[in-house]
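What follows is one structure encoded as structure tokens, with my remarks underneath.
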Amino acid sequence: MLASCLSPEGVVMKVLIIPGSARPTTAGTELVRFIEAELAAHEGVSVDVATLDDMTLPFVDSPIVPAFDGYTITHDAVQKWTDKVDEADAFVFVVPEYNGGMTGLQKNAIDWVYKQWNGKSAVVVTYNWYDKKSAVEVFQNTLRVIQVNIIEPVVGLKFGEELAPDGAVADESALRAKIQHAVSALFAAERAEV
Ligand SMILES: Cc1cc2nc3c(=O)[nH]c(=O)nc-3n(C[C@H](O)[C@H](O)[C@H](O)COP(=O)(O)O)c2cc1C
């Protein structure tokens with residue numbers, strides 16, 4: 001596996017999970033724990049979960065676009081968030097579908113950062129009621145613009161199938177198979193870069 005590339009600290013790959021919901025009753029809680037456990041089971045992988053709702057990022061109000069030369073960070077919360085993205089080697093975006101797209105919370109957090117995303121890979125896990133993928137079209141477009149390599153296949157989950165309506169895992173083996181497939185593809189992409 002990745003053990004051949006282990007650093008002296010024993011960590012080879014830092015993965016940041018980025019959930020999209022700020023709702024206290026989010027259906028993503030159990031799913032995020034599940035993904036975290038699947039990743040942490042691999043030697044040489046360290047996992048962190050971004051709590052965007054606690055970070056109190058302002059809406060983007062920078063006079064200079066974050067992707068442009070001359071952009072400087074003036075908010076402490078934005079600096080902390082940028083550092084977190086910078087430290088990560090790869091990402092797992094957990095994307096609830098809100099009106100056919102990602103949440104405003106997730107989009108705003110993405111928009112605050114540019115070069116710290118560039119050239120890294122991301123697994124996308126999305127859930128909705130209908131087709132497991134409507135939010136993905138919007139999301140994939142955004143990831144392309146920030147130059148994040150999207151790991152295929154995107155993990156599409158549906159309430160009433162893999163997840164119960166409250167977000168509890170309803171079909172553990174189906175969920176595990178999908179997450180493991182995506183995680184393996186992420187590791188393969190990371191290995192190809194070494
Ligand atoms: C503002 C809002 C918009 C939503 N839009 C959609 C939608 O377009 N498609 C869908 O399948 N579910 C939609 N839902 C239902 C969500 O899929 C469901 O509430 C889910 O639990 C939201 O994720 P969360 O619990 O992690 O916040 C929407 C929910 C909210 C709060």
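Please note that chains go A, B, ... in the order of the structure tokens, that every chain numbers its residues from 1, and that ligands are numbered from 1 in the order shown.
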Which chains and residue numbers are within 8 Å of ligand 1, counting only C-alpha atoms and all ligand atoms, if I want them as a PyMOL selection string? chain A and resi 19-23+25-29+95-101+103+127-132+134-135+159+165-167
Let me see the file: selected residues, N, CA and C atoms, as a PDB file, in the first residue's frame.
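New file part17.pdb:
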```
ATOM      1  N   PRO A  19     -17.523  18.385   5.143  1.00  0.00           N
ATOM      2  CA  PRO A  19     -18.981  18.239   5.071  1.00  0.00           C
ATOM      3  C   PRO A  19     -19.630  19.572   4.705  1.00  0.00           C
ATOM      4  N   GLY A  20     -20.793  19.503   4.042  1.00  0.00           N
ATOM      5  CA  GLY A  20     -21.387  20.727   3.524  1.00  0.00           C
ATOM      6  C   GLY A  20     -22.519  21.314   4.327  1.00  0.00           C
ATOM      7  N   SER A  21     -22.990  20.606   5.354  1.00  0.00           N
ATOM      8  CA  SER A  21     -24.194  21.071   6.039  1.00  0.00           C
ATOM      9  C   SER A  21     -23.861  21.780   7.344  1.00  0.00           C
ATOM     10  N   ALA A  22     -24.636  22.842   7.638  1.00  0.00           N
ATOM     11  CA  ALA A  22     -24.523  23.523   8.925  1.00  0.00           C
ATOM     12  C   ALA A  22     -25.702  23.166   9.824  1.00  0.00           C
ATOM     13  N   ARG A  23     -26.593  22.294   9.347  1.00  0.00           N
ATOM     14  CA  ARG A  23     -27.791  22.001  10.135  1.00  0.00           C
ATOM     15  C   ARG A  23     -27.442  21.114  11.326  1.00  0.00           C
ATOM     16  N   THR A  25     -29.200  19.048  12.677  1.00  0.00           N
ATOM     17  CA  THR A  25     -29.779  17.718  12.442  1.00  0.00           C
ATOM     18  C   THR A  25     -29.278  17.116  11.139  1.00  0.00           C
ATOM     19  N   THR A  26     -28.129  17.552  10.676  1.00  0.00           N
ATOM     20  CA  THR A  26     -27.649  17.087   9.367  1.00  0.00           C
ATOM     21  C   THR A  26     -27.692  15.564   9.231  1.00  0.00           C
ATOM     22  N   ALA A  27     -28.109  15.136   8.046  1.00  0.00           N
ATOM     23  CA  ALA A  27     -28.123  13.701   7.744  1.00  0.00           C
ATOM     24  C   ALA A  27     -26.711  13.189   7.455  1.00  0.00           C
ATOM     25  N   GLY A  28     -25.735  14.089   7.455  1.00  0.00           N
ATOM     26  CA  GLY A  28     -24.379  13.670   7.093  1.00  0.00           C
ATOM     27  C   GLY A  28     -23.541  13.163   8.255  1.00  0.00           C
ATOM     28  N   THR A  29     -24.032  13.270   9.487  1.00  0.00           N
ATOM     29  CA  THR A  29     -23.180  12.959  10.655  1.00  0.00           C
ATOM     30  C   THR A  29     -22.632  11.533  10.607  1.00  0.00           C
ATOM     31  N   VAL A  95     -21.336  16.144   0.142  1.00  0.00           N
ATOM     32  CA  VAL A  95     -22.153  17.182  -0.513  1.00  0.00           C
ATOM     33  C   VAL A  95     -23.644  16.864  -0.413  1.00  0.00           C
ATOM     34  N   PRO A  96     -24.364  17.471   0.554  1.00  0.00           N
ATOM     35  CA  PRO A  96     -25.822  17.344   0.541  1.00  0.00           C
ATOM     36  C   PRO A  96     -26.370  18.193  -0.603  1.00  0.00           C
ATOM     37  N   GLU A  97     -27.459  17.736  -1.197  1.00  0.00           N
ATOM     38  CA  GLU A  97     -28.022  18.505  -2.321  1.00  0.00           C
ATOM     39  C   GLU A  97     -29.033  19.521  -1.814  1.00  0.00           C
ATOM     40  N   TYR A  98     -28.757  20.788  -2.081  1.00  0.00           N
ATOM     41  CA  TYR A  98     -29.687  21.872  -1.739  1.00  0.00           C
ATOM     42  C   TYR A  98     -30.113  22.535  -3.053  1.00  0.00           C
ATOM     43  N   ASN A  99     -31.380  22.372  -3.386  1.00  0.00           N
ATOM     44  CA  ASN A  99     -31.915  22.989  -4.615  1.00  0.00           C
ATOM     45  C   ASN A  99     -31.033  22.731  -5.834  1.00  0.00           C
ATOM     46  N   GLY A 100     -30.656  21.481  -5.957  1.00  0.00           N
ATOM     47  CA  GLY A 100     -29.931  21.065  -7.161  1.00  0.00           C
ATOM     48  C   GLY A 100     -28.442  21.347  -7.157  1.00  0.00           C
ATOM     49  N   GLY A 101     -27.924  21.894  -6.067  1.00  0.00           N
ATOM     50  CA  GLY A 101     -26.488  22.197  -6.030  1.00  0.00           C
ATOM     51  C   GLY A 101     -25.899  21.925  -4.660  1.00  0.00           C
ATOM     52  N   THR A 103     -24.262  23.303  -0.917  1.00  0.00           N
ATOM     53  CA  THR A 103     -24.755  24.311   0.032  1.00  0.00           C
ATOM     54  C   THR A 103     -23.948  25.602  -0.098  1.00  0.00           C
ATOM     55  N   TYR A 127     -25.431  13.156  -1.466  1.00  0.00           N
ATOM     56  CA  TYR A 127     -26.674  12.450  -1.131  1.00  0.00           C
ATOM     57  C   TYR A 127     -27.876  13.323  -1.434  1.00  0.00           C
ATOM     58  N   ASN A 128     -28.929  12.647  -1.937  1.00  0.00           N
ATOM     59  CA  ASN A 128     -30.189  13.351  -2.187  1.00  0.00           C
ATOM     60  C   ASN A 128     -31.337  12.346  -2.207  1.00  0.00           C
ATOM     61  N   TRP A 129     -32.520  12.844  -2.585  1.00  0.00           N
ATOM     62  CA  TRP A 129     -33.719  12.000  -2.565  1.00  0.00           C
ATOM     63  C   TRP A 129     -33.993  11.335  -3.900  1.00  0.00           C
ATOM     64  N   TYR A 130     -33.378  11.807  -4.978  1.00  0.00           N
ATOM     65  CA  TYR A 130     -33.871  11.420  -6.293  1.00  0.00           C
ATOM     66  C   TYR A 130     -32.911  10.571  -7.107  1.00  0.00           C
ATOM     67  N   ASP A 131     -31.829  11.198  -7.533  1.00  0.00           N
ATOM     68  CA  ASP A 131     -31.011  10.526  -8.547  1.00  0.00           C
ATOM     69  C   ASP A 131     -29.557  10.355  -8.146  1.00  0.00           C
ATOM     70  N   LYS A 132     -29.220  10.700  -6.916  1.00  0.00           N
ATOM     71  CA  LYS A 132     -27.870  10.516  -6.370  1.00  0.00           C
ATOM     72  C   LYS A 132     -26.829  11.421  -7.007  1.00  0.00           C
ATOM     73  N   SER A 134     -27.643  15.007  -8.786  1.00  0.00           N
ATOM     74  CA  SER A 134     -27.926  16.335  -9.344  1.00  0.00           C
ATOM     75  C   SER A 134     -26.916  17.388  -8.907  1.00  0.00           C
ATOM     76  N   ALA A 135     -26.534  17.355  -7.616  1.00  0.00           N
ATOM     77  CA  ALA A 135     -25.604  18.379  -7.110  1.00  0.00           C
ATOM     78  C   ALA A 135     -24.228  18.233  -7.733  1.00  0.00           C
ATOM     79  N   PHE A 159     -31.393   8.720  -0.207  1.00  0.00           N
ATOM     80  CA  PHE A 159     -32.224   8.391   0.954  1.00  0.00           C
ATOM     81  C   PHE A 159     -33.199   7.290   0.540  1.00  0.00           C
ATOM     82  N   PRO A 165     -33.733   8.186   5.813  1.00  0.00           N
ATOM     83  CA  PRO A 165     -34.025   9.620   5.691  1.00  0.00           C
ATOM     84  C   PRO A 165     -33.353  10.491   6.753  1.00  0.00           C
ATOM     85  N   ASP A 166     -33.044   9.929   7.920  1.00  0.00           N
ATOM     86  CA  ASP A 166     -32.359  10.734   8.943  1.00  0.00           C
ATOM     87  C   ASP A 166     -30.834  10.653   8.801  1.00  0.00           C
ATOM     88  N   GLY A 167     -30.381   9.946   7.768  1.00  0.00           N
ATOM     89  CA  GLY A 167     -28.946   9.854   7.522  1.00  0.00           C
ATOM     90  C   GLY A 167     -28.293   8.617   8.109  1.00  0.00           C
TER      91      GLY A 167
END
```
Using 9 Å as the limit and counting only C-alpha atoms, can you tabulate each residue of range 116-146 of chain A that touches range 105-110 of chain A, with its shortest atom-to-atom distance in Å and the two atoms involved, as CSV?
```
residue,atom,partner,partner_atom,distance
A:Trp117,CA,A:Ile110,CA,8.6
A:Phe139,CA,A:Lys107,CA,8.8
A:Thr142,CA,A:Ile110,CA,8.6
A:Leu143,CA,A:Ile110,CA,8.8
A:Ile146,CA,A:Ile110,CA,8.4
```
Please write the residues from the selection above to a file, keeping N, CA and C atoms, as a PDB file, in the first residue's frame.
```
ATOM      1  N   TRP A 117      -5.886  24.767  -3.300  1.00  0.00           N
ATOM      2  CA  TRP A 117      -6.644  23.618  -3.838  1.00  0.00           C
ATOM      3  C   TRP A 117      -5.903  22.992  -5.026  1.00  0.00           C
ATOM      4  N   PHE A 139     -21.140  20.839  -8.730  1.00  0.00           N
ATOM      5  CA  PHE A 139     -19.952  20.671  -7.904  1.00  0.00           C
ATOM      6  C   PHE A 139     -18.713  20.377  -8.754  1.00  0.00           C
ATOM      7  N   THR A 142     -17.263  23.441 -10.382  1.00  0.00           N
ATOM      8  CA  THR A 142     -16.488  24.265  -9.442  1.00  0.00           C
ATOM      9  C   THR A 142     -15.121  23.641  -9.191  1.00  0.00           C
ATOM     10  N   LEU A 143     -15.068  22.336  -8.983  1.00  0.00           N
ATOM     11  CA  LEU A 143     -13.774  21.692  -8.711  1.00  0.00           C
ATOM     12  C   LEU A 143     -12.832  21.821  -9.905  1.00  0.00           C
ATOM     13  N   ILE A 146     -11.211  25.283  -9.784  1.00  0.00           N
ATOM     14  CA  ILE A 146     -10.152  25.428  -8.768  1.00  0.00           C
ATOM     15  C   ILE A 146      -9.052  24.378  -8.970  1.00  0.00           C
TER      16      ILE A 146
END
```
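Every residue of range 107-153 of chain A found in helix (DSSP H, G or I) when DSSP is run on the backbone appears here: A:Lys107, A:Asn108, A:Ala109, A:Ile110, A:Asp111, A:Ser134, A:Ala135, A:Val136, A:Glu137, A:Val138, A:Phe139, A:Gln140, A:Asn141, A:Thr142, A:Leu143, A:Arg144, A:Val145.
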Would you pick out the contacts of Phe91 in chain A at 6 Å or less, using only C-alpha atoms, so that residues sharing its chain but fewer than 6 positions from it are not included, and give the list as a PyMOL selection string? chain A and resi 15-17+122
Write the residues of the preceding selection, restricted to C-alpha atoms, as an mmCIF file, in the first residue's frame.
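Contents of result_12.cif, as written:
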```cif
data_model
loop_
_atom_site.group_PDB
_atom_site.id
_atom_site.type_symbol
_atom_site.label_atom_id
_atom_site.label_comp_id
_atom_site.auth_asym_id
_atom_site.auth_seq_id
_atom_site.Cartn_x
_atom_site.Cartn_y
_atom_site.Cartn_z
ATOM 1 C CA VAL A 15 -6.986 13.783 3.937
ATOM 2 C CA LEU A 16 -9.407 16.552 4.864
ATOM 3 C CA ILE A 17 -13.116 15.658 4.914
ATOM 4 C CA ALA A 122 -10.868 14.952 -4.187
#
```
Next item on the list: Name the residues in contact with range 47-55 of chain A at a cut-off of 12 Å, using only C-alpha atoms, excluding same-chain residues fewer than 2 positions from it; report them as JSON, numbers by chain.
Entry: {"A": [11, 12, 13, 14, 15, 16, 17, 18, 19, 20, 21, 22, 23, 24, 26, 29, 32, 33, 34, 35, 36, 37, 38, 39, 40, 41, 42, 43, 44, 45, 57, 58, 59, 75, 76, 77, 78, 79, 80, 81, 82, 83, 84, 85, 87, 88, 89, 90, 91, 92, 93, 94, 103, 104, 105, 106, 107, 108, 109, 110]}
Those of range 22-87 of chain A in DSSP strand (DSSP E), formatted as a ChimeraX atom specification
/A:45-49
Quiz prompt | One-decimal distance in Å that lies between CA of Val183 in chain A and CA of Leu157 in chain A | solution =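 Computing it gives 15.5 Å between the two atoms.
The space between CA of Ala174 in chain A and CA of Glu162 in chain A spans 6.5 Å.
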Q | Spatial neighbours of Pro63 in chain A, max dist 10 Å, only C-alpha atoms, sep filter under 5 positions, as number ranges by chain | A | A: 70-72
